[in-house]
file start.cif (mmCIF, C-alpha atoms)
data_query
#
loop_
_atom_site.label_atom_id
_atom_site.label_comp_id
_atom_site.auth_asym_id
_atom_site.auth_seq_id
_atom_site.Cartn_x
_atom_site.Cartn_y
_atom_site.Cartn_z
CA MET A 142 131.09 129.04 112.69
CA TRP A 143 134.54 130.12 113.83
CA SER A 144 137.38 127.62 114.05
CA TRP A 145 140.47 128.82 115.90
CA ASP A 146 142.65 126.12 114.34
CA TYR A 147 141.68 127.13 110.84
CA ALA A 148 141.96 130.82 111.77
CA MET A 149 145.58 130.30 112.89
CA GLU A 150 146.42 128.36 109.76
CA VAL A 151 144.90 130.97 107.44
CA SER A 152 146.53 133.84 109.36
CA LEU A 153 149.96 132.46 108.51
CA VAL A 154 149.02 132.09 104.85
CA LEU A 155 147.65 135.63 104.70
CA LEU A 156 150.61 137.17 106.54
CA ARG A 157 152.86 135.68 103.88
CA ALA A 158 150.93 137.75 101.30
CA LEU A 159 151.42 140.95 103.32
CA PRO A 160 154.91 141.74 101.89
CA ALA A 161 153.46 141.67 98.37
CA ALA A 162 150.77 144.17 99.39
CA LEU A 163 153.30 146.41 101.16
CA LEU A 164 155.68 146.24 98.19
CA ALA A 165 152.92 147.35 95.81
CA ALA A 166 151.93 150.13 98.23
CA PHE A 167 155.49 151.45 98.66
CA SER A 168 156.21 151.29 94.93
CA GLY A 169 152.94 153.08 94.20
CA PHE A 170 153.77 155.68 96.85
CA ILE A 171 157.22 156.41 95.39
CA ILE A 172 155.73 156.82 91.91
CA ALA A 173 152.95 159.02 93.30
CA ALA A 174 155.43 161.22 95.20
CA THR A 175 157.60 161.65 92.10
CA VAL A 176 154.87 162.21 89.52
CA GLY A 177 152.95 164.36 92.01
CA LEU A 178 155.93 166.68 92.33
CA ALA A 179 156.16 166.93 88.54
CA ILE A 180 152.44 167.83 88.36
CA ALA A 181 152.85 170.42 91.14
CA ALA A 182 155.70 172.02 89.17
CA LEU A 183 153.82 171.85 85.84
CA VAL A 184 150.70 173.58 87.19
CA ARG A 185 153.00 176.49 88.15
CA SER A 186 154.53 176.67 84.67
CA ARG A 187 154.98 180.00 82.88
CA PHE A 188 153.04 178.66 79.91
CA THR A 189 149.26 178.76 80.11
CA ALA A 190 148.88 175.72 77.84
CA VAL A 191 151.14 173.58 80.07
CA ARG A 192 149.28 174.71 83.20
CA ARG A 193 145.87 173.94 81.65
CA ILE A 194 146.87 170.54 80.29
CA ALA A 195 148.56 169.46 83.54
CA SER A 196 145.65 170.45 85.77
CA GLY A 197 143.10 169.05 83.28
CA VAL A 198 144.80 165.65 83.13
CA ALA A 199 145.23 165.57 86.92
CA HIS A 200 141.56 166.45 87.39
CA PHE A 201 140.50 163.69 84.98
CA ILE A 202 142.62 161.05 86.73
CA ARG A 203 141.30 162.10 90.13
CA SER A 204 137.66 161.99 88.99
CA THR A 205 137.73 158.43 87.63
CA PRO A 206 137.92 155.14 89.57
CA LEU A 207 141.27 153.46 90.18
CA LEU A 208 139.73 150.10 89.21
CA VAL A 209 138.83 151.31 85.72
CA GLN A 210 142.26 152.92 85.31
CA LEU A 211 143.87 149.59 86.23
CA PHE A 212 141.70 147.80 83.65
CA PHE A 213 142.69 150.38 81.08
CA LEU A 214 146.41 150.00 81.82
CA TYR A 215 146.30 146.22 82.01
CA TYR A 216 143.95 145.29 79.18
CA SER A 217 143.92 148.26 76.76
CA LEU A 218 147.42 149.69 76.81
CA PRO A 219 149.07 146.57 75.31
CA MET A 220 146.57 146.80 72.41
CA LEU A 221 147.44 150.46 71.76
CA VAL A 222 151.23 150.47 72.21
CA PRO A 223 153.69 147.59 72.06
CA VAL A 224 154.30 147.31 75.79
CA SER A 225 153.04 144.74 78.19
CA MET A 226 153.53 145.06 81.92
CA THR A 227 153.27 142.50 84.67
CA ALA A 228 150.37 142.74 87.09
CA PHE A 229 152.75 144.12 89.73
CA TRP A 230 154.03 146.98 87.57
CA THR A 231 150.58 147.78 86.23
CA GLY A 232 149.33 147.94 89.81
CA ALA A 233 152.21 150.06 91.08
CA ILE A 234 151.96 152.46 88.14
CA GLY A 235 148.16 152.59 88.40
CA LEU A 236 148.26 153.35 92.13
CA GLY A 237 151.13 155.80 91.55
CA LEU A 238 149.40 157.74 88.77
CA HIS A 239 146.07 157.85 90.59
CA TYR A 240 147.53 159.14 93.85
CA SER A 241 150.04 161.45 92.15
CA THR A 242 147.08 163.75 91.53
CA TYR A 243 146.34 163.81 95.27
CA MET A 244 150.02 164.18 96.10
CA SER A 245 150.37 167.19 93.78
CA GLU A 246 147.74 168.94 95.92
CA VAL A 247 149.77 168.15 99.03
CA TYR A 248 152.89 169.65 97.46
CA ARG A 249 150.85 172.62 96.31
CA SER A 250 149.64 173.32 99.85
CA GLY A 251 153.26 173.17 101.07
CA ILE A 252 154.47 175.50 98.31
CA ASP A 253 151.58 177.94 98.72
CA ALA A 254 152.29 178.20 102.45
CA LEU A 255 155.72 179.71 101.76
CA PRO A 256 155.94 183.51 101.90
CA LYS A 257 156.13 185.19 98.50
CA GLY A 258 159.40 186.76 99.64
CA GLN A 259 161.16 183.40 99.16
CA TRP A 260 160.48 183.54 95.41
CA GLU A 261 161.34 187.23 95.23
CA ALA A 262 164.58 186.75 97.16
CA SER A 263 165.56 183.94 94.78
CA THR A 264 164.94 186.24 91.84
CA ALA A 265 166.90 189.03 93.56
CA LEU A 266 169.83 186.63 94.10
CA ASN A 267 169.64 185.76 90.40
CA LEU A 268 169.16 182.04 91.13
CA SER A 269 168.20 179.87 88.19
CA LYS A 270 164.72 178.29 88.12
CA ARG A 271 166.32 174.96 88.99
CA ARG A 272 168.29 176.36 91.96
CA THR A 273 165.20 178.21 93.22
CA TRP A 274 163.13 174.98 93.29
CA LEU A 275 165.84 172.64 94.56
CA SER A 276 167.65 174.85 97.08
CA VAL A 277 165.02 177.32 98.29
CA ILE A 278 161.42 176.21 97.72
CA LEU A 279 161.33 172.42 98.09
CA PRO A 280 163.59 172.12 101.20
CA GLN A 281 161.14 174.41 103.01
CA ALA A 282 157.89 173.24 101.42
CA ILE A 283 158.23 169.46 101.77
CA PRO A 284 159.08 168.75 105.46
CA PRO A 285 155.86 170.30 106.86
CA VAL A 286 153.68 168.20 104.51
CA LEU A 287 155.50 164.90 105.12
CA PRO A 288 152.83 163.67 107.61
CA ILE A 289 150.09 164.28 105.01
CA MET A 290 152.15 162.33 102.49
CA GLY A 291 152.49 159.55 105.08
CA ASN A 292 148.70 159.43 105.35
CA TYR A 293 148.50 158.86 101.61
CA LEU A 294 150.86 155.90 101.98
CA ILE A 295 148.21 154.40 104.30
CA VAL A 296 145.43 155.21 101.82
CA ILE A 297 147.44 153.57 99.01
CA PHE A 298 148.05 150.49 101.15
CA LYS A 299 144.33 150.13 101.79
CA GLU A 300 143.71 150.32 98.02
CA THR A 301 146.02 147.39 97.20
CA PRO A 302 143.13 144.85 97.27
CA THR A 303 141.88 146.55 94.09
CA LEU A 304 144.95 145.09 92.35
CA SER A 305 143.38 141.64 92.75
CA ALA A 306 141.20 142.59 89.75
CA ILE A 307 144.30 142.46 87.54
CA THR A 308 145.42 139.16 89.13
CA TYR A 309 148.09 140.60 91.43
CA ILE A 310 148.26 138.25 94.40
CA GLU A 311 147.95 140.36 97.55
CA LEU A 312 145.96 139.80 100.75
CA LEU A 313 142.45 139.77 99.33
CA LEU A 314 143.18 137.46 96.41
CA ARG A 315 145.02 135.12 98.77
CA ALA A 316 142.02 135.14 101.12
CA LYS A 317 139.70 134.47 98.17
CA ASN A 318 141.84 131.52 97.04
CA GLU A 319 141.93 130.14 100.59
CA ALA A 320 138.14 130.42 100.83
CA SER A 321 137.68 128.56 97.56
CA ILE A 322 139.95 125.72 98.73
CA SER A 323 138.48 125.29 102.22
CA TYR A 324 134.88 126.37 101.48
CA ARG A 325 135.15 128.45 104.66
CA VAL A 326 134.70 132.17 104.01
CA PHE A 327 134.34 133.62 107.48
CA GLU A 328 137.89 133.22 108.76
CA PRO A 329 139.88 134.28 105.65
CA TYR A 330 137.94 137.51 105.05
CA THR A 331 137.74 138.41 108.73
CA ILE A 332 141.47 137.93 109.21
CA ALA A 333 142.29 139.82 106.01
CA GLY A 334 140.17 142.70 107.33
CA ILE A 335 141.89 142.62 110.73
CA ILE A 336 145.36 142.62 109.14
CA PHE A 337 144.46 145.75 107.15
CA ILE A 338 143.11 147.52 110.22
CA VAL A 339 146.13 146.61 112.37
CA VAL A 340 148.72 147.55 109.75
CA SER A 341 146.91 150.84 108.99
CA LEU A 342 146.76 151.73 112.69
CA ILE A 343 150.48 150.95 113.11
CA MET A 344 151.33 153.07 110.10
CA SER A 345 149.22 155.98 111.32
CA PHE A 346 150.87 155.73 114.75
CA LEU A 347 154.28 155.99 113.03
CA VAL A 348 153.11 158.97 110.95
CA GLY A 349 151.88 160.62 114.16
CA ARG A 350 155.31 160.17 115.76
CA LEU A 351 156.96 161.62 112.67
CA GLU A 352 154.69 164.66 112.93
CA LYS A 353 155.41 165.14 116.64
CA GLY A 354 159.16 164.79 116.09
CA TRP A 355 159.01 167.35 113.33
CA ARG A 356 157.05 169.82 115.50
CA ARG A 357 159.54 169.46 118.32
CA ARG A 358 162.47 170.12 115.99
CA THR A 359 160.94 173.22 114.42
CA SER A 360 159.83 174.74 117.72
CA ALA A 361 163.23 174.15 119.37
CA MET B 148 138.77 162.95 54.85
CA SER B 149 138.99 159.85 52.70
CA PRO B 150 135.81 157.81 52.19
CA HIS B 151 137.48 154.94 53.95
CA SER B 152 138.09 156.76 57.25
CA SER B 153 134.62 158.31 57.34
CA CYS B 154 133.20 154.84 56.91
CA ALA B 155 135.30 153.67 59.87
CA ASP B 156 134.02 156.63 61.90
CA ASN B 157 130.43 155.70 61.08
CA ASN B 158 131.14 152.17 62.14
CA MET B 159 132.58 153.36 65.43
CA MET B 160 129.58 155.57 66.10
CA SER B 161 127.12 152.78 65.34
CA THR B 162 129.08 150.37 67.56
CA ILE B 163 129.03 152.87 70.42
CA SER B 164 125.30 153.42 69.97
CA GLN B 165 124.85 149.66 70.30
CA TRP B 166 126.69 149.76 73.62
CA LEU B 167 124.87 152.75 75.04
CA PRO B 168 121.73 150.93 76.32
CA TYR B 169 123.93 148.55 78.38
CA LEU B 170 126.12 151.33 79.68
CA ALA B 171 123.06 153.41 80.56
CA GLN B 172 121.63 150.47 82.50
CA GLY B 173 124.92 150.13 84.39
CA ALA B 174 125.13 153.88 84.99
CA LEU B 175 121.70 153.77 86.57
CA VAL B 176 122.87 151.11 89.05
CA THR B 177 125.99 153.18 89.79
CA VAL B 178 123.85 156.27 90.47
CA LYS B 179 121.46 154.25 92.65
CA ILE B 180 124.28 152.84 94.80
CA THR B 181 125.94 156.25 95.06
CA LEU B 182 122.72 157.89 96.27
CA LEU B 183 121.77 155.12 98.73
CA SER B 184 125.30 154.90 100.16
CA GLY B 185 125.33 158.69 100.26
CA VAL B 186 122.26 158.77 102.51
CA VAL B 187 123.79 156.18 104.89
CA ALA B 188 127.19 157.92 104.83
CA MET B 189 125.82 161.42 105.49
CA LEU B 190 123.70 160.17 108.40
CA LEU B 191 126.65 158.32 109.93
CA ALA B 192 128.90 161.35 109.32
CA LEU B 193 126.54 163.70 111.12
CA ILE B 194 125.97 161.31 114.04
CA SER B 195 129.63 160.39 114.50
CA GLY B 196 130.90 163.94 113.91
CA LEU B 197 128.52 165.38 116.52
CA GLY B 198 129.09 162.35 118.77
CA ARG B 199 132.80 163.02 118.85
CA LEU B 200 132.07 166.47 120.31
CA SER B 201 129.51 165.19 122.82
CA ALA B 202 129.78 166.10 126.48
CA LEU B 203 129.24 162.43 127.39
CA LYS B 204 132.39 160.33 127.41
CA PRO B 205 130.85 157.00 126.25
CA ILE B 206 129.30 158.71 123.22
CA ARG B 207 132.63 160.38 122.39
CA TRP B 208 134.40 157.01 122.62
CA LEU B 209 131.80 155.22 120.54
CA ALA B 210 131.91 157.86 117.79
CA GLY B 211 135.72 157.98 117.92
CA GLY B 212 135.94 154.20 117.80
CA TYR B 213 133.66 154.01 114.76
CA ILE B 214 135.63 156.71 112.90
CA GLU B 215 139.07 155.23 113.66
CA LEU B 216 138.03 151.65 112.91
CA PHE B 217 136.37 152.28 109.56
CA ARG B 218 139.01 154.72 108.39
CA ALA B 219 141.64 152.06 109.06
CA ALA B 220 139.69 149.36 107.19
CA SER B 221 140.09 148.65 103.50
CA LEU B 222 136.78 149.28 101.69
CA LEU B 223 137.09 146.36 99.28
CA VAL B 224 137.88 143.90 102.09
CA LEU B 225 134.94 145.33 104.05
CA LEU B 226 132.68 144.79 101.03
CA PHE B 227 133.84 141.17 100.73
CA TRP B 228 133.32 140.70 104.43
CA VAL B 229 129.78 142.09 104.39
CA TYR B 230 128.78 140.17 101.26
CA PHE B 231 130.53 136.80 101.77
CA ALA B 232 131.28 136.43 105.49
CA LEU B 233 128.33 138.14 107.17
CA PRO B 234 125.75 135.62 105.83
CA ILE B 235 127.65 132.91 107.78
CA ALA B 236 127.05 134.99 110.90
CA GLY B 237 123.33 135.07 110.07
CA LEU B 238 122.98 138.41 108.24
CA ASP B 239 122.28 137.70 104.58
CA LEU B 240 122.08 140.98 102.67
CA SER B 241 121.36 141.42 98.96
CA LYS B 242 124.16 142.70 96.71
CA THR B 243 122.70 146.20 96.76
CA TRP B 244 122.43 146.41 100.53
CA SER B 245 125.85 144.85 101.06
CA ALA B 246 127.35 147.53 98.82
CA VAL B 247 125.35 150.33 100.45
CA LEU B 248 126.31 149.18 103.95
CA ALA B 249 130.03 148.76 103.20
CA ILE B 250 130.41 152.02 101.25
CA GLY B 251 128.17 153.93 103.68
CA LEU B 252 130.11 152.76 106.75
CA ASN B 253 133.47 153.55 105.14
CA ILE B 254 132.62 156.97 103.66
CA GLY B 255 130.60 157.90 106.78
CA ALA B 256 133.75 157.58 108.90
CA TYR B 257 135.61 160.04 106.66
CA GLY B 258 132.56 162.31 106.69
CA GLY B 259 132.50 162.23 110.51
CA GLU B 260 135.93 163.84 110.58
CA ILE B 261 134.77 166.53 108.14
CA VAL B 262 131.72 167.32 110.31
CA ARG B 263 133.82 167.41 113.48
CA SER B 264 136.51 169.70 112.10
CA ALA B 265 133.94 172.04 110.50
CA ILE B 266 132.10 172.43 113.81
CA GLN B 267 135.32 172.91 115.74
CA ALA B 268 136.37 175.63 113.29
CA ILE B 269 133.41 177.82 114.29
CA PRO B 270 134.75 180.67 116.48
CA LYS B 271 134.13 180.33 120.24
CA GLY B 272 132.33 183.69 120.26
CA GLN B 273 129.43 182.11 118.35
CA TYR B 274 128.85 179.66 121.23
CA GLU B 275 129.23 182.35 123.84
CA ALA B 276 126.80 184.65 122.01
CA SER B 277 124.22 181.82 121.79
CA VAL B 278 124.56 181.19 125.51
CA ALA B 279 124.25 184.92 126.21
CA LEU B 280 121.06 185.00 124.11
CA ASN B 281 119.75 182.11 126.24
CA LEU B 282 119.35 179.72 123.27
CA SER B 283 118.76 176.07 124.15
CA PRO B 284 121.57 173.67 123.14
CA LEU B 285 119.37 172.36 120.30
CA ALA B 286 118.54 175.82 118.98
CA ARG B 287 122.19 176.82 119.30
CA MET B 288 123.25 173.87 117.15
CA ARG B 289 120.43 174.18 114.62
CA SER B 290 120.25 177.93 114.12
CA VAL B 291 123.77 179.14 114.83
CA ILE B 292 126.48 176.50 114.59
CA LEU B 293 125.30 174.07 111.88
CA PRO B 294 124.37 176.68 109.23
CA GLN B 295 127.91 178.08 109.45
CA ALA B 296 129.53 174.65 109.72
CA ILE B 297 127.69 173.37 106.63
CA ALA B 298 129.22 176.13 104.51
CA ARG B 299 132.65 174.96 105.69
CA MET B 300 131.84 171.28 105.15
CA LEU B 301 130.66 171.74 101.59
CA PRO B 302 133.96 171.63 99.64
CA PRO B 303 135.38 168.54 101.42
CA MET B 304 131.95 166.83 101.36
CA GLY B 305 131.76 167.43 97.60
CA ASN B 306 135.12 165.70 97.22
CA LEU B 307 133.92 162.88 99.46
CA TRP B 308 130.88 162.34 97.22
CA ILE B 309 133.22 162.01 94.23
CA GLU B 310 135.30 159.48 96.22
CA MET B 311 132.06 157.64 96.91
CA LEU B 312 131.04 157.62 93.24
CA LYS B 313 134.46 156.22 92.35
CA SER B 314 134.31 153.59 95.07
CA THR B 315 130.99 152.22 93.74
CA SER B 316 133.04 150.67 90.91
CA LEU B 317 134.21 148.12 93.51
CA VAL B 318 130.76 146.47 93.45
CA TYR B 319 132.03 144.90 90.22
CA PHE B 320 133.85 142.45 92.52
CA ILE B 321 130.59 141.11 93.95
CA THR B 322 129.23 140.80 90.36
CA MET B 323 126.74 143.62 90.67
CA ALA B 324 125.77 144.93 87.23
CA ASP B 325 127.06 148.48 87.65
CA LEU B 326 128.74 150.62 84.98
CA THR B 327 132.13 148.90 85.32
CA TYR B 328 130.57 145.44 85.22
CA GLU B 329 128.52 146.22 82.09
CA ALA B 330 131.67 147.52 80.40
CA MET B 331 133.53 144.30 81.27
CA ILE B 332 130.70 142.28 79.69
CA LEU B 333 130.82 144.43 76.55
CA ARG B 334 134.55 143.82 76.45
CA ASN B 335 133.92 140.06 76.29
CA ASN B 336 131.72 140.54 73.22
CA TYR B 337 133.76 143.25 71.48
CA TYR B 338 137.24 142.20 72.48
CA THR B 339 139.11 144.20 69.80
CA ASP B 340 137.36 147.39 70.96
CA THR B 341 138.72 147.06 74.52
CA PRO B 342 140.58 150.43 74.50
CA LEU B 343 137.49 152.22 73.18
CA ILE B 344 135.23 150.61 75.81
CA PHE B 345 137.49 151.53 78.72
CA GLY B 346 138.11 155.01 77.30
CA LEU B 347 134.36 155.54 77.10
CA LEU B 348 133.94 154.14 80.61
CA LEU B 349 136.48 156.61 82.04
CA LEU B 350 134.72 159.44 80.20
CA ILE B 351 131.31 158.48 81.63
CA TYR B 352 132.71 158.42 85.18
CA TYR B 353 134.32 161.81 84.57
CA VAL B 354 131.00 163.28 83.43
CA MET B 355 129.24 161.78 86.47
CA ALA B 356 131.89 163.23 88.81
CA SER B 357 131.40 166.63 87.17
CA CYS B 358 127.66 166.31 87.85
CA ILE B 359 128.61 166.27 91.55
CA ALA B 360 131.35 168.91 91.42
CA VAL B 361 129.43 171.60 89.49
CA PRO B 362 126.34 171.90 91.76
CA VAL B 363 128.56 171.71 94.87
CA LYS B 364 130.61 174.67 93.55
CA TRP B 365 127.38 176.58 92.88
CA LEU B 366 125.97 175.83 96.33
CA GLU B 367 129.28 176.82 97.91
CA ARG B 368 129.16 180.22 96.21
CA LYS B 369 125.56 180.66 97.28
CA LEU B 370 126.17 179.76 100.93
CA THR B 371 129.27 181.93 101.28
CA ALA B 372 127.84 184.93 99.38
CA TRP B 373 127.46 186.89 102.62
CA ARG B 374 131.20 186.88 103.25
#

call {"tool": "encode", "arguments": {"input": "start.cif", "output": "structure tokens"}}
result
Amino acid sequence: MWSWDYAMEVSLVLLRALPAALLAAFSGFIIAATVGLAIAALVRSRFTAVRRIASGVAHFIRSTPLLVQLFFLYYSLPMLVPVSMTAFWTGAIGLGLHYSTYMSEVYRSGIDALPKGQWEASTALNLSKRRTWLSVILPQAIPPVLPIMGNYLIVIFKETPTLSAITYIELLLRAKNEASISYRVFEPYTIAGIIFIVVSLIMSFLVGRLEKGWRRRTSA
Amino acid sequence: MSPHSSCADNNMMSTISQWLPYLAQGALVTVKITLLSGVVAMLLALISGLGRLSALKPIRWLAGGYIELFRAASLLVLLFWVYFALPIAGLDLSKTWSAVLAIGLNIGAYGGEIVRSAIQAIPKGQYEASVALNLSPLARMRSVILPQAIARMLPPMGNLWIEMLKSTSLVYFITMADLTYEAMILRNNYYTDTPLIFGLLLLIYYVMASCIAVPVKWLERKLTAWR
């Protein structure tokens, strides 16, 4: 049932697909962090309409499956507007948009944790909206929530197999191809699963160290 | 409105009504998998969440090991493993049970953390008072701790159920005829309507997610009314 020789061979093949999965995860994470910040700012807008639309759209994206969103971006968008994206960019943008709605909540918790006095002091100092956000609010709100953002990087990484549905070659699709060549399914899928578990555990160890380092610095 | 556009609208409505029976069939499968996985996940969440707080070390380790392992795993890879690899090891499950097992194991691990943190958030005084009143450990858990912990668990559990509903779309990969799969088949037959089909599909999932969120909100208000 289990062949060590084949397991070794397939491990090497699968590990070569790991950079593609990590690249998609990191790209998705950067998009999610950027768009998430924009959503967090928009839901605090002065204008009721902007607030409602931003939180409505975010709620819709968060309530629907990533897989269907990927299908929509990959198969429908080119029929509606004259753009066509590669599987990689569709995947990165899909992951990024989906998790931006989670990330905006993370930013929100960081911003809400700041004392109201920070906003009032900025007004008293006559700082512009831009200066208030960039020099007062964000530098204090973001560092404490960095570990939570790191956890979302892990979540995004674990979602990369979904991109196989739009033909992006990452770990799962590579394992599937290997299985269809060798007619052996046990080793490829088991090893793909182990790689995900090991990489996730390493990433969460690193996030834990980041959190500890941050605590030490703030308490010193 | 010009006669031409109203005619197009009628066409669109009649096309959608042709799709509805298929989508309804798929939606039923999606609901079925969500509910079955939900039962497995909630059981595993309760067992592992309580297990992590057990006085016995082996039970704590076992519960902790389950939670850490399945939170680190990728759900789609787990689903492939259960459906394609496990039969080689002698356990041949149907599509439905493969999906229920994979989703249940994965969501249950997240649920275990919710149960644990909700129980740990109950003030120490509640335990001490139960001991002072000479309640048995079982009565303490059932009548004092859990009723308060459940009120705390409710909002994150509601979100977890929505995550679970969303994750059932992954059964498309093992060719189970759920909502997403039915929509993909419709797309093959009505290729030019692809945007409409996927738009409709997103809308149906959104409505289903709201069917979870609204009662959870209501229950939350009800359970925390005493505060």

call {"tool": "residues_around", "arguments": {"input": "start.cif", "residues": "stretch 201-214 of chain A", "least_positions_apart": "3", "cutoff": "7 Å", "atoms": "all atoms listed in the file", "output": "VMD selection string"}}
result
(chain A and resid 197 to 198 217 to 218 231 to 232 235 239 242 303) or (chain B and resid 309 313 to 314 316 342 345 349 352 to 353 356)

call {"tool": "interface_residues", "arguments": {"input": "start.cif", "of": "chain B", "to": "chain A", "cutoff": "9 Å", "atoms": "all atoms listed in the file", "output": "PyMOL selection string"}}
result
chain B and resi 215-225+227-228+231-236+309-310+312-317+320+327+339-343+345-346+348-357

call {"tool": "write_last_selection", "arguments": {"input": "start.cif", "atoms": "C-alpha atoms", "output": "short mmCIF file (atom, residue, chain, number, x, y, z; two decimals), in the coordinates of the input"}}
result
data_model
loop_
_atom_site.label_atom_id
_atom_site.label_comp_id
_atom_site.auth_asym_id
_atom_site.auth_seq_id
_atom_site.Cartn_x
_atom_site.Cartn_y
_atom_site.Cartn_z
CA GLU B 215 139.07 155.23 113.66
CA LEU B 216 138.03 151.65 112.91
CA PHE B 217 136.37 152.28 109.56
CA ARG B 218 139.01 154.72 108.39
CA ALA B 219 141.64 152.06 109.06
CA ALA B 220 139.69 149.36 107.19
CA SER B 221 140.09 148.65 103.50
CA LEU B 222 136.78 149.28 101.69
CA LEU B 223 137.09 146.36 99.28
CA VAL B 224 137.88 143.90 102.09
CA LEU B 225 134.94 145.33 104.05
CA PHE B 227 133.84 141.17 100.73
CA TRP B 228 133.32 140.70 104.43
CA PHE B 231 130.53 136.80 101.77
CA ALA B 232 131.28 136.43 105.49
CA LEU B 233 128.33 138.14 107.17
CA PRO B 234 125.75 135.62 105.83
CA ILE B 235 127.65 132.91 107.78
CA ALA B 236 127.05 134.99 110.90
CA ILE B 309 133.22 162.01 94.23
CA GLU B 310 135.30 159.48 96.22
CA LEU B 312 131.04 157.62 93.24
CA LYS B 313 134.46 156.22 92.35
CA SER B 314 134.31 153.59 95.07
CA THR B 315 130.99 152.22 93.74
CA SER B 316 133.04 150.67 90.91
CA LEU B 317 134.21 148.12 93.51
CA PHE B 320 133.85 142.45 92.52
CA THR B 327 132.13 148.90 85.32
CA THR B 339 139.11 144.20 69.80
CA ASP B 340 137.36 147.39 70.96
CA THR B 341 138.72 147.06 74.52
CA PRO B 342 140.58 150.43 74.50
CA LEU B 343 137.49 152.22 73.18
CA PHE B 345 137.49 151.53 78.72
CA GLY B 346 138.11 155.01 77.30
CA LEU B 348 133.94 154.14 80.61
CA LEU B 349 136.48 156.61 82.04
CA LEU B 350 134.72 159.44 80.20
CA ILE B 351 131.31 158.48 81.63
CA TYR B 352 132.71 158.42 85.18
CA TYR B 353 134.32 161.81 84.57
CA VAL B 354 131.00 163.28 83.43
CA MET B 355 129.24 161.78 86.47
CA ALA B 356 131.89 163.23 88.81
CA SER B 357 131.40 166.63 87.17
#

call {"tool": "resolve_selection", "arguments": {"input": "start.cif", "expression": "the PyMOL selection byres ((chain B and resi 262) around 10)", "output": "list of chain:residue names"}}
result
B:Met189, B:Ala192, B:Leu193, B:Ile194, B:Ser195, B:Gly196, B:Leu197, B:Arg199, B:Tyr257, B:Gly258, B:Gly259, B:Glu260, B:Ile261, B:Arg263, B:Ser264, B:Ala265, B:Ile266, B:Gln267, B:Ala268, B:Leu293, B:Ala296, B:Ile297, B:Arg299, B:Met300, B:Leu301, B:Pro303, B:Met304

call {"tool": "residues_around", "arguments": {"input": "start.cif", "residues": "stretch 185-196 of chain A", "least_positions_apart": "3", "cutoff": "12 Å", "atoms": "all atoms listed in the file", "output": "number ranges by chain"}}
result
A: 176-182, 199-203, 241-243, 245-246, 248-249, 252-253, 270, 274

call {"tool": "write_last_selection", "arguments": {"input": "start.cif", "atoms": "C-alpha atoms", "output": "short mmCIF file (atom, residue, chain, number, x, y, z; two decimals), keeping the file's coordinate frame"}}
result
data_model
loop_
_atom_site.label_atom_id
_atom_site.label_comp_id
_atom_site.auth_asym_id
_atom_site.auth_seq_id
_atom_site.Cartn_x
_atom_site.Cartn_y
_atom_site.Cartn_z
CA VAL A 176 154.87 162.21 89.52
CA GLY A 177 152.95 164.36 92.01
CA LEU A 178 155.93 166.68 92.33
CA ALA A 179 156.16 166.93 88.54
CA ILE A 180 152.44 167.83 88.36
CA ALA A 181 152.85 170.42 91.14
CA ALA A 182 155.70 172.02 89.17
CA ALA A 199 145.23 165.57 86.92
CA HIS A 200 141.56 166.45 87.39
CA PHE A 201 140.50 163.69 84.98
CA ILE A 202 142.62 161.05 86.73
CA ARG A 203 141.30 162.10 90.13
CA SER A 241 150.04 161.45 92.15
CA THR A 242 147.08 163.75 91.53
CA TYR A 243 146.34 163.81 95.27
CA SER A 245 150.37 167.19 93.78
CA GLU A 246 147.74 168.94 95.92
CA TYR A 248 152.89 169.65 97.46
CA ARG A 249 150.85 172.62 96.31
CA ILE A 252 154.47 175.50 98.31
CA ASP A 253 151.58 177.94 98.72
CA LYS A 270 164.72 178.29 88.12
CA TRP A 274 163.13 174.98 93.29
#

call {"tool": "residues_around", "arguments": {"input": "start.cif", "residues": "B:Ala188", "least_positions_apart": "4", "cutoff": "7 Å", "atoms": "all atoms listed in the file", "output": "list in words"}}
result
Ser184, Ala192, Gly251, Leu252, Ile254 and Gly255 of chain B

call {"tool": "atom_distance", "arguments": {"input": "start.cif", "atom1": "atom CA of B:Val178", "atom2": "atom CA of B:Ile250"}}
result
13.3 Å

call {"tool": "residues_around", "arguments": {"input": "start.cif", "residues": "A:Gln281", "least_positions_apart": "5", "cutoff": "9 Å", "atoms": "all atoms listed in the file", "output": "PyMOL selection string"}}
result
chain A and resi 251-252+255+276

call {"tool": "atom_distance", "arguments": {"input": "start.cif", "atom1": "atom CA of B:Asn158", "atom2": "atom CA of B:Met331"}}
result
20.8 Å

call {"tool": "atom_distance", "arguments": {"input": "start.cif", "atom1": "atom CA of A:Leu287", "atom2": "atom CA of A:Ile171"}}
result
13.0 Å

call {"tool": "closest_residue", "arguments": {"input": "start.cif", "among": "B:Ile180, B:Met160, B:Leu209, B:Ile269", "to": "B:Leu326", "atoms": "all atoms listed in the file"}}
result
B:Ile180

call {"tool": "decode", "arguments": {"input": "start.cif", "residues": "stretch 159-169 of chain A", "atoms": "C-alpha atoms", "output": "CSV table (one decimal), in the first residue's frame"}}
result
chain,number,residue,atom,x,y,z
A,159,LEU,CA,5.4,24.6,-2.9
A,160,PRO,CA,6.9,28.0,-4.0
A,161,ALA,CA,3.9,28.4,-6.4
A,162,ALA,CA,1.5,27.9,-3.5
A,163,LEU,CA,3.5,30.2,-1.2
A,164,LEU,CA,3.7,32.9,-3.9
A,165,ALA,CA,-0.1,32.8,-4.4
A,166,ALA,CA,-0.6,33.0,-0.6
A,167,PHE,CA,1.8,35.9,-0.1
A,168,SER,CA,0.3,37.8,-3.1
A,169,GLY,CA,-3.2,37.2,-1.8
